[in-house]
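**Q** Below is structure-v8.txt; it holds compact mmCIF, C-alpha atoms.
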```txt
# COMPACT_ATOMS: atom_id res chain seq x y z
CA MET U 1 144.38 152.10 142.67
CA LEU U 2 141.57 150.14 141.08
CA THR U 3 139.36 148.63 143.79
CA MET U 4 136.05 146.79 144.19
CA LEU U 5 132.89 148.12 145.80
CA VAL U 6 130.83 146.08 148.22
CA ALA U 7 127.28 146.90 149.30
CA TYR U 8 126.05 145.49 152.61
CA ASP U 9 122.75 145.13 154.45
CA ASP U 10 121.81 146.15 158.00
CA ASP U 11 123.76 143.20 159.41
CA GLY U 12 126.84 144.01 157.36
CA ASN U 13 126.34 141.07 155.01
CA VAL U 14 127.63 141.68 151.50
CA ILE U 15 124.65 141.73 149.12
CA ALA U 16 126.19 143.16 145.95
CA THR U 17 129.55 143.96 144.41
CA LEU U 18 130.76 146.23 141.64
CA ASP U 19 134.09 145.04 140.27
CA TYR U 20 134.68 148.11 138.12
CA LEU U 21 132.76 150.79 136.30
CA VAL U 22 133.53 152.66 133.12
CA THR U 23 131.72 155.96 132.90
CA VAL U 24 131.55 158.67 130.28
CA THR U 25 133.22 161.83 131.55
CA LEU U 26 131.72 165.30 131.07
CA GLU U 27 134.19 165.68 128.19
CA GLY U 28 132.70 162.58 126.57
CA ARG U 29 135.68 160.32 127.27
CA PRO U 30 135.18 156.79 128.62
CA ALA U 31 137.19 156.27 131.82
CA LEU U 32 137.40 153.94 134.81
CA VAL U 33 135.82 155.35 137.96
CA ASP U 34 138.29 155.64 140.85
CA PHE U 35 136.18 154.38 143.77
CA GLU U 36 139.00 154.70 146.31
CA THR U 37 139.76 158.35 145.57
CA HIS U 38 136.06 159.17 145.71
CA GLU U 39 135.74 157.49 149.11
CA LYS U 40 138.88 159.14 150.52
CA ALA U 41 137.55 162.53 149.39
CA GLY U 42 134.41 161.92 151.43
CA GLY U 43 132.30 161.17 148.38
CA GLU U 44 129.17 159.10 148.64
CA MET U 45 129.14 155.76 146.85
CA THR U 46 125.55 156.48 145.87
CA ASP U 47 127.18 158.78 143.30
CA VAL U 48 128.52 155.58 141.74
CA TRP U 49 125.71 153.09 142.29
CA THR U 50 122.63 152.50 144.36
CA VAL U 51 121.59 149.14 145.70
CA PRO U 52 118.05 148.86 147.08
CA GLY U 53 118.10 147.19 150.49
CA ALA U 54 121.71 148.16 151.16
CA ARG U 55 122.71 149.94 154.36
CA GLY U 56 125.88 151.25 152.77
CA SER U 57 128.61 150.70 150.22
CA LYS U 58 132.38 150.92 150.60
CA VAL U 59 135.65 150.18 148.87
CA TRP U 60 137.43 146.85 149.29
CA PRO U 61 140.96 146.38 147.86
CA GLU U 62 140.50 142.79 146.61
CA TRP U 63 138.35 141.01 144.07
CA LEU U 64 136.73 137.90 145.52
CA GLY U 65 134.17 137.09 142.86
CA ILE U 66 130.88 135.75 144.13
CA ARG U 67 132.57 134.53 147.30
CA ALA U 68 132.44 138.14 148.53
CA HIS U 69 128.80 137.38 149.36
CA ASP U 70 129.98 134.87 151.99
CA PHE U 71 131.37 137.72 154.10
CA ARG U 72 130.14 140.55 156.29
CA VAL U 73 131.93 143.87 156.55
CA GLU U 74 133.56 145.19 159.69
CA LYS U 75 133.94 148.96 159.61
CA GLU U 76 136.10 151.39 161.52
CA GLY U 77 136.66 155.12 161.60
CA PRO U 78 134.77 158.17 162.82
CA PRO U 79 131.08 158.62 162.02
CA GLY U 80 130.63 159.84 158.49
CA ASN U 81 134.11 158.70 157.47
CA LYS U 82 134.10 154.97 158.05
CA HIS U 83 135.80 152.43 155.84
CA VAL U 84 135.73 148.64 155.71
CA ALA U 85 138.57 147.38 157.90
CA ALA U 86 137.92 143.66 157.47
CA LEU U 87 135.76 141.11 155.76
CA VAL U 88 134.66 138.36 158.14
CA HIS U 89 133.46 135.05 156.75
CA ARG U 90 129.90 134.49 157.92
CA ALA U 91 130.27 130.73 158.40
CA SER U 92 133.88 130.18 159.45
CA GLY U 93 134.75 133.55 160.99
CA ARG U 94 137.90 133.69 158.85
CA ARG U 95 139.04 137.31 158.48
CA ARG U 96 140.55 139.27 155.61
CA GLU U 97 142.25 142.32 157.08
CA ARG U 98 142.51 145.42 154.95
CA ARG U 99 145.51 146.82 156.79
CA ALA U 100 147.54 143.67 156.16
CA ILE U 101 146.67 143.73 152.46
CA GLU U 102 147.55 147.40 152.06
CA ASP U 103 150.77 147.05 154.09
CA THR U 104 151.89 144.22 151.81
CA ILE U 105 151.15 146.35 148.75
CA ARG U 106 153.08 149.26 150.23
CA LEU U 107 156.08 147.08 151.04
CA ARG U 108 156.15 145.68 147.54
CA ALA U 109 155.84 149.14 146.02
CA ALA U 110 158.65 150.48 148.23
CA ALA U 111 160.90 147.58 147.26
CA ALA U 112 160.33 148.41 143.61
CA GLY U 113 161.68 151.93 144.12
CA GLY U 114 158.88 153.73 142.33
CA GLU U 115 158.60 151.30 139.44
CA LEU U 116 155.19 150.04 138.48
CA VAL U 117 154.28 146.98 140.58
CA ASP U 118 151.88 144.24 139.62
CA VAL U 119 149.86 143.20 142.68
CA THR U 120 147.37 140.97 140.91
CA ASP U 121 148.61 137.94 142.85
CA LEU U 122 147.77 139.74 146.11
CA VAL U 123 144.40 141.29 145.35
CA GLY U 124 143.18 139.59 142.20
CA ALA U 125 141.57 141.59 139.42
CA PRO U 126 138.06 141.97 138.02
CA ASP U 127 138.61 139.15 135.55
CA ARG U 128 140.84 137.13 137.90
CA PRO U 129 139.32 137.11 141.38
CA ILE U 130 141.05 135.44 144.29
CA ILE U 131 139.50 132.00 144.48
CA LEU U 132 138.14 131.04 147.90
CA ASP U 133 136.43 127.88 149.07
CA GLU U 134 133.14 127.75 150.97
CA SER U 135 134.90 128.49 154.26
CA GLY U 136 136.74 131.52 152.86
CA ARG U 137 140.10 129.77 152.56
CA PRO U 138 142.15 130.65 149.45
CA VAL U 139 142.27 127.90 146.85
CA ALA U 140 145.55 127.50 145.03
CA ARG U 141 145.36 128.11 141.34
CA HIS U 142 146.37 125.26 139.14
CA PHE U 143 149.52 125.90 137.21
CA ARG U 144 149.01 125.86 133.50
CA ARG U 145 150.33 122.76 131.82
CA ARG U 146 152.82 123.26 129.08
CA LEU U 147 151.04 121.78 126.07
CA PRO U 148 152.18 121.57 122.48
CA THR U 149 150.87 124.52 120.53
CA LEU U 150 150.56 125.40 116.86
CA MET C 1 152.91 153.19 142.30
CA THR C 2 150.88 150.04 142.00
CA ARG C 3 148.70 148.64 139.35
CA ASN C 4 146.57 145.54 139.40
CA LEU C 5 145.70 144.96 135.81
CA GLY C 6 148.61 142.59 135.32
CA ARG C 7 150.25 144.68 132.63
CA LYS C 8 153.19 147.00 132.38
CA PRO C 9 153.14 150.00 130.07
CA GLY C 10 155.57 150.22 127.20
CA GLU C 11 158.35 152.78 127.37
CA GLY C 12 159.77 155.16 124.84
CA GLN C 13 158.62 156.07 121.38
CA ALA C 14 159.44 154.23 118.20
CA PRO C 15 161.25 156.35 115.62
CA PHE C 16 160.24 156.07 111.99
CA GLY C 17 161.91 153.14 110.29
CA THR C 18 161.95 149.40 109.88
CA PHE C 19 162.19 147.07 112.83
CA GLY C 20 162.48 143.38 113.56
CA ASN C 21 165.10 140.82 112.70
CA ASP C 22 163.36 140.12 109.43
CA GLY C 23 162.67 143.80 108.81
CA ASN C 24 158.93 143.24 109.01
CA THR C 25 157.69 146.15 111.15
CA TYR C 26 157.36 149.55 109.51
CA VAL C 27 156.65 152.86 111.20
CA ASP C 28 155.98 156.07 109.33
CA SER C 29 153.72 159.07 109.59
CA GLY C 30 150.80 156.96 108.41
CA GLY C 31 151.06 154.49 111.28
CA VAL C 32 152.48 151.05 111.90
CA ARG C 33 152.24 147.88 109.87
CA VAL C 34 153.60 144.41 110.46
CA GLU C 35 154.18 142.00 107.59
CA ASP C 36 154.78 138.30 107.83
CA ASP C 37 157.60 136.54 105.98
CA THR C 38 155.48 136.29 102.83
CA GLY C 39 155.01 140.04 102.69
CA LEU C 40 151.36 139.87 103.75
CA ILE C 41 150.33 142.76 106.00
CA ARG C 42 149.11 141.00 109.14
CA VAL C 43 148.56 144.06 111.35
CA ALA C 44 148.05 147.67 110.34
CA VAL C 45 147.45 150.50 112.79
CA GLY C 46 146.98 154.06 111.66
CA ARG C 47 146.13 155.03 108.08
CA ILE C 48 144.91 151.54 107.31
CA SER C 49 143.35 152.34 103.98
CA ALA C 50 146.78 153.12 102.56
CA PHE C 51 148.26 149.94 103.98
CA VAL C 52 145.46 147.54 103.29
CA ASP C 53 143.44 148.91 100.39
CA GLU C 54 146.37 150.60 98.66
CA GLU C 55 144.07 153.56 98.14
CA ASP C 56 144.65 156.23 100.73
CA THR C 57 141.31 157.59 101.83
CA GLY C 58 142.73 158.83 105.10
CA ASP C 59 140.86 156.34 107.27
CA PHE C 60 142.54 155.56 110.57
CA GLY C 61 141.98 152.35 112.44
CA LEU C 62 143.19 148.82 113.03
CA VAL C 63 143.21 145.74 110.84
CA VAL C 64 144.43 142.27 111.82
CA ARG C 65 144.66 139.43 109.29
CA ASN C 66 145.17 135.73 109.78
CA PRO C 67 147.88 133.81 107.88
CA GLU C 68 145.47 133.22 104.98
CA GLY C 69 144.94 136.95 104.62
CA LEU C 70 141.44 136.87 106.05
CA VAL C 71 140.66 139.99 108.07
CA VAL C 72 139.81 138.90 111.63
CA ILE C 73 139.65 142.34 113.27
CA ASP C 74 138.78 145.56 111.52
CA GLY C 75 136.50 148.55 111.68
CA THR C 76 133.54 147.08 109.84
CA SER C 77 131.95 145.41 112.87
CA ASP C 78 131.01 147.05 116.13
CA VAL C 79 132.14 145.42 119.36
CA PHE C 80 130.68 145.14 122.83
CA LYS C 81 132.85 146.57 125.59
CA ILE C 82 132.08 145.60 129.16
CA VAL C 83 131.68 148.82 131.12
CA ALA C 84 130.68 147.31 134.44
CA THR C 85 130.52 143.95 136.15
CA GLY C 86 129.58 142.82 139.63
CA THR C 87 127.37 140.53 141.61
CA ILE C 88 123.94 140.75 143.16
CA ASN C 89 121.96 138.66 145.62
CA LEU C 90 118.39 137.57 145.07
CA THR C 91 116.19 135.59 147.44
CA GLY C 92 113.54 133.51 145.75
CA PRO C 93 109.82 134.32 145.91
CA ASN C 94 107.17 132.50 147.84
CA GLY C 95 105.32 131.36 144.77
CA GLY C 96 103.24 128.69 146.40
CA GLY C 97 99.95 130.52 145.98
CA ALA C 98 97.77 131.04 142.97
CA GLY C 99 99.64 132.61 140.09
CA GLY C 100 103.06 131.97 141.58
CA GLY C 101 105.33 134.76 142.76
CA THR C 102 108.15 137.05 141.65
CA SER C 103 111.10 138.48 143.55
CA ALA C 104 113.56 141.05 142.25
CA SER C 105 116.70 142.91 143.19
CA SER C 106 118.57 145.59 141.31
CA VAL C 107 121.55 147.93 141.15
CA ASP C 108 121.73 151.36 139.51
CA LEU C 109 125.12 152.11 137.97
CA ALA C 110 126.43 155.54 136.96
CA THR C 111 127.59 154.35 133.55
CA GLY C 112 126.86 157.67 131.88
CA LEU C 113 125.25 155.73 129.05
CA THR C 114 122.13 157.44 127.79
CA TYR C 115 120.76 154.54 125.80
CA ARG C 116 119.92 150.98 126.71
CA PRO C 117 123.13 148.97 126.90
CA GLN C 118 123.48 145.27 126.29
CA ILE C 119 123.60 142.93 129.23
CA PHE C 120 124.92 139.47 129.96
CA GLY C 121 124.19 137.63 133.16
CA MET C 122 124.71 134.33 134.84
CA LEU C 123 123.63 132.46 137.91
CA ASP C 124 127.03 132.43 139.54
CA ASP C 125 126.35 130.32 142.59
CA SER C 126 123.45 128.54 144.20
CA SER C 127 122.90 125.90 146.80
CA ALA C 128 121.65 123.57 144.08
CA PHE C 129 124.58 124.22 141.73
CA PRO C 130 127.54 125.43 143.82
CA ASP C 131 130.56 126.93 142.07
CA GLU C 132 128.86 126.64 138.74
CA ALA C 133 128.09 129.42 136.28
CA ARG C 134 124.71 129.04 134.55
CA ILE C 135 123.86 131.36 131.73
CA LEU C 136 120.63 133.33 132.11
CA PRO C 137 117.76 132.94 131.77
CA THR C 138 117.51 129.74 133.75
CA ILE C 139 114.34 127.71 133.52
CA VAL C 140 113.52 124.83 135.84
CA PHE C 141 110.88 122.30 134.85
CA ASP C 142 109.05 120.08 137.24
CA LEU C 143 110.29 116.62 136.35
CA SER C 144 109.08 114.98 139.51
CA ASN C 145 105.82 113.80 138.05
CA GLY C 146 104.20 115.47 140.99
CA PHE C 147 103.35 118.95 142.24
CA PRO C 148 102.48 121.25 140.61
CA ALA C 149 102.39 119.19 137.39
CA SER C 150 104.97 117.33 135.43
CA GLY C 151 106.48 119.43 132.62
CA LEU C 152 105.41 122.78 134.00
CA VAL C 153 107.93 125.59 134.29
CA VAL C 154 108.56 125.91 138.02
CA ASP C 155 111.27 128.57 138.08
CA HIS C 156 112.29 131.29 135.67
CA GLN C 157 115.24 133.56 136.44
CA PHE C 158 116.20 136.39 134.11
CA MET C 159 118.10 139.66 134.06
CA SER C 160 117.17 142.94 132.40
CA CYS C 161 118.55 146.44 132.14
CA LYS C 162 117.31 149.91 131.26
CA VAL C 163 118.32 153.56 131.42
CA VAL C 164 117.22 155.48 134.50
CA ASN C 165 117.90 159.09 135.50
CA THR C 166 119.01 159.67 131.88
CA ASP C 167 122.56 158.41 132.39
CA GLU C 168 122.37 155.52 134.84
CA THR C 169 121.90 151.89 133.99
CA ARG C 170 119.60 149.78 136.13
CA VAL C 171 120.32 146.07 136.22
CA THR C 172 117.43 144.02 137.56
CA MET C 173 117.40 140.35 138.42
CA ARG C 174 114.01 138.64 138.63
CA TRP C 175 112.97 135.22 139.84
CA GLN C 176 109.54 133.85 139.07
CA SER C 177 108.44 130.65 140.73
CA ARG C 178 105.38 128.50 141.25
CA VAL C 179 106.76 127.11 144.50
CA ASN C 180 108.16 128.56 147.69
CA ARG C 181 111.80 129.56 147.12
CA SER C 182 111.95 132.12 149.91
CA ALA C 183 114.54 130.09 151.82
CA ILE C 184 116.98 130.21 148.90
CA THR C 185 119.32 133.11 148.09
CA ASN C 186 121.32 132.92 144.89
CA THR C 187 124.12 135.11 143.61
CA PHE C 188 124.12 136.40 140.06
CA ARG C 189 126.84 138.09 138.01
CA TYR C 190 126.01 140.93 135.65
CA PHE C 191 128.01 142.35 132.75
CA VAL C 192 126.87 145.67 131.29
CA ALA C 193 128.18 146.12 127.77
CA ASN C 194 128.32 149.14 125.53
CA GLU C 195 128.24 148.69 121.78
CA GLN C 196 131.23 150.52 120.40
CA ALA C 197 131.90 151.48 116.81
CA PHE C 198 135.43 151.72 115.51
```
As C-alpha cells, how would this structure be written, given the file I've shared?
**A**
Amino acid sequence: MLTMLVAYDDDGNVIATLDYLVTVTLEGRPALVDFETHEKAGGEMTDVWTVPGARGSKVWPEWLGIRAHDFRVEKEGPPGNKHVAALVHRASGRRRERRAIEDTIRLRAAAAGGELVDVTDLVGAPDRPIILDESGRPVARHFRRRLPTL
Amino acid sequence: MTRNLGRKPGEGQAPFGTFGNDGNTYVDSGGVRVEDDTGLIRVAVGRISAFVDEEDTGDFGLVVRNPEGLVVIDGTSDVFKIVATGTINLTGPNGGGAGGGTSASSVDLATGLTYRPQIFGMLDDSSAFPDEARILPTIVFDLSNGFPASGLVVDHQFMSCKVVNTDETRVTMRWQSRVNRSAITNTFRYFVANEQAF
C-alpha cells in the first residue's frame, strides 16, 4: 500500500516527511516507490532518502500534511526491526495508533471480499491529507456546496 | 486489496466499434476518438495524426479539444510531473551579528533523475502565519521604522535543488536573516517536478 515516510530527530520529533516518490527503475520506467515493502523486507530508508539531522526514518500509513511535524514517533519492535507504532502529539499528547488504523483497513478490505477498497477517508492521500487542528484533533471537511455549473 | 488513491480501475476491454447513445465514441486499431454532437473530434487517443490531421503519419498520443475546436492538451508542449513531495523543518538563523546569518536544511531523494529537476516550494506553516501557504521565496521587509533600518530586507527564505550522487535530488531550504530567528522553526513543503515530453 502507498504510505508516507517520516524522519525524526533524537527526541523522536518529526522533522521531515516524504509523501511519495517516483523513481526511475533500472529498466528506465517511472514507478512509485513502495516504502512499506522496503521497510518490511528490512531495507534501510536511507536507500530512499536521507535527511541530515535525522535519527531515523520510518513508514507511517497516513498523510497528515504539515501537521505531521506536530508529532513525535513512538516505536516498537526488536532492535534493527522497529516500526512506528504511534504518533503522539507533542502539545496535547493525543495519539494516533498504527494498529487501530491498520485493523480498520483490514476489516474494510475483508468486508469487500477481495474487491478494491478505497481507504482515502481513513488515511488521506498525498494530495488530500487528513486535516488536523493545532492540538492534533481531526477537523471535519466541509461538504462541497452544490452550485450551478456550466 | 486496498488502494488509497481514491480511484477504481476500469474493467474489461472495449471491442472495436461505436459506443455511446449518440454513437460518438469510436474504437479501432488506430485508437479511440470521441466526437461531440457537431462531429468535432474532442478527444483522440492513439494514432492521433490520422484522427486530427487527417494525414496518417503514425504518431501516437493524446489530443483534447474544447468546444470551439481549440486544442487544450496535446503533444506539442512538455508538462511537469511531480515525482516527489514532502515537508521539511527549518529553524531560523541567528542573524543579529554583522552580515546577518543563514540556516539551511535539506533532504536527498532517490528520484533516479540524472539532471536538475524543477522545484516548487512553499512556506506551509509558521507561527507568524499559521495554516497559511506562502509561495517561496518569501521576503520580509523591516517596516517598523526601526532596527535595522526601515525598508531593508530582514528575512529571505528560498528553496533550491540539484543532482547529487548522479541520480539523487537534493532539496535545500535556506533562511537568511539580519535578525535573530533562532527561536522560530517553520515547516516548508517541497514539490520536485520532472519535465516530461509526450
**Q** I want to know what sits within 12 Å of U:Arg108, based on all atoms listed in the file, with residues of the same chain fewer than 4 positions away left out; could you give that as a PyMOL selection string?
**A** (chain U and resi 101-104+112-122) or (chain C and resi 1-3)
**Q** What's around U:Thr23 at 6 Å? Count only C-alpha atoms, leave out sequence neighbours fewer than 2 positions away in its own chain, and write the answer as a compact mmCIF listing (two decimals) with C-alpha atoms, in the frame of the given file.
**A**
```
# COMPACT_ATOMS: atom_id res chain seq x y z
CA PRO U 30 135.18 156.79 128.62
CA ALA U 31 137.19 156.27 131.82
CA THR C 111 127.59 154.35 133.55
CA GLY C 112 126.86 157.67 131.88
```
**Q** Taking only C-alpha atoms into account, which of U:Ala85, U:Val123, U:Val33, U:Ala7 comes nearest U:Ala54?
**A** U:Ala7
**Q** Could you name the residues that touch U:Gly65 at 8 Å or less, counting all atoms listed in the file, but leaving out those on the same chain fewer than 6 positions away, as number ranges by chain?
**A** U: 126, 129-131; C: 87
**Q** So the first atom is atom CA of U:Ile15 and the second is atom CA of U:Val51; what is the distance between them in Å, to one decimal place?
**A**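 Atom CA of U:Val51 lies 8.7 Å from atom CA of U:Ile15.
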**Q** Please list, as a list in words, the residues that have an atom at most 8 Å away from (120.4, 135.0, 145.6) in the coordinates of this file, counting all atoms listed in the file.
**A** Ile88, Asn89, Leu90, Thr91, Gly92, Ser126, Ile184, Thr185, Asn186, Thr187 and Phe188 of chain C
**Q** For the selection just defined, write its residues with C-alpha atoms to a file, as a PDB file, in the frame of the given file.
**A**
```
ATOM      1  CA  ILE C  88     123.940 140.750 143.160  1.00  0.00           C
ATOM      2  CA  ASN C  89     121.960 138.660 145.620  1.00  0.00           C
ATOM      3  CA  LEU C  90     118.390 137.570 145.070  1.00  0.00           C
ATOM      4  CA  THR C  91     116.190 135.590 147.440  1.00  0.00           C
ATOM      5  CA  GLY C  92     113.540 133.510 145.750  1.00  0.00           C
ATOM      6  CA  SER C 126     123.450 128.540 144.200  1.00  0.00           C
ATOM      7  CA  ILE C 184     116.980 130.210 148.900  1.00  0.00           C
ATOM      8  CA  THR C 185     119.320 133.110 148.090  1.00  0.00           C
ATOM      9  CA  ASN C 186     121.320 132.920 144.890  1.00  0.00           C
ATOM     10  CA  THR C 187     124.120 135.110 143.610  1.00  0.00           C
ATOM     11  CA  PHE C 188     124.120 136.400 140.060  1.00  0.00           C
TER      12      PHE C 188
END
```
**Q** What is the distance between atom CA of C:Val32 and atom CA of C:Val63, in Å to one decimal?
**A**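 Straight-line distance from atom CA of C:Val32 to atom CA of C:Val63 works out to 10.7 Å.
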**Q** Restricting the calculation to all atoms listed in the file, which member of U:Val139, U:Ala100, U:Val73, U:Val24 is positioned closest to chain C?
**A**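 Ranking U:Val139, U:Ala100, U:Val73, U:Val24 by distance to chain C, first place goes to U:Val24.
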**Q** Would you kindly return, as a PDB file with C-alpha atoms, keeping the file's coordinate frame, each protein, DNA or RNA residue with an atom no farther than 12 Å from any atom of C:Glu68, considering all atoms listed in the file and excluding same-chain residues fewer than 2 positions away?
**A**
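The resulting selection.pdb:
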```pdb
ATOM      1  CA  ASP C  36     154.780 138.300 107.830  1.00  0.00           C
ATOM      2  CA  THR C  38     155.480 136.290 102.830  1.00  0.00           C
ATOM      3  CA  GLY C  39     155.010 140.040 102.690  1.00  0.00           C
ATOM      4  CA  LEU C  40     151.360 139.870 103.750  1.00  0.00           C
ATOM      5  CA  ILE C  41     150.330 142.760 106.000  1.00  0.00           C
ATOM      6  CA  ARG C  42     149.110 141.000 109.140  1.00  0.00           C
ATOM      7  CA  VAL C  64     144.430 142.270 111.820  1.00  0.00           C
ATOM      8  CA  ARG C  65     144.660 139.430 109.290  1.00  0.00           C
ATOM      9  CA  ASN C  66     145.170 135.730 109.780  1.00  0.00           C
ATOM     10  CA  LEU C  70     141.440 136.870 106.050  1.00  0.00           C
ATOM     11  CA  VAL C  71     140.660 139.990 108.070  1.00  0.00           C
ATOM     12  CA  VAL C  72     139.810 138.900 111.630  1.00  0.00           C
TER      13      VAL C  72
END
```
**Q** Point out the residue among C:Arg174, C:Arg47, C:Arg33, C:Lys81 with the least atom-to-atom distance to chain U, counting only C-alpha atoms.
**A**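 Smallest separation from chain U among the options: C:Lys81.
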**Q** Within 10 Å of U:Trp49, counting all atoms listed in the file, which residues show up once you throw out same-chain ones fewer than 6 positions away? Write them as a list in words, please.
**A**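 The filter keeps Leu5, Ala7, Leu18, Leu21 and Ser57 of chain U; Val107, Asp108, Leu109, Ala110, Thr111, Glu168, Thr169 and Arg170 of chain C.
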**Q** Counting all atoms listed in the file, figure out which residue out of C:Ala197, C:Ala183, C:Ala104, C:Leu152 gets nearest to chain U.
**A**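 For chain U, the nearest of the candidates is C:Ala104.
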**Q** Atom CA of C:Ala193 and atom CA of U:Leu32, how far apart in Å?
**A** 14.0 Å
**Q** Looking at all atoms listed in the file, which of U:Glu44, U:Asp19, U:Glu97, U:Glu74 is the one that sits closest to chain C?
**A**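 The closest residue to chain C is U:Asp19.
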**Q** Pick from C:Leu113, C:Val27, C:Leu62, C:Met173: nearest to chain U, with all atoms listed in the file counted?
**A**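 Nearest to chain U: C:Leu113.
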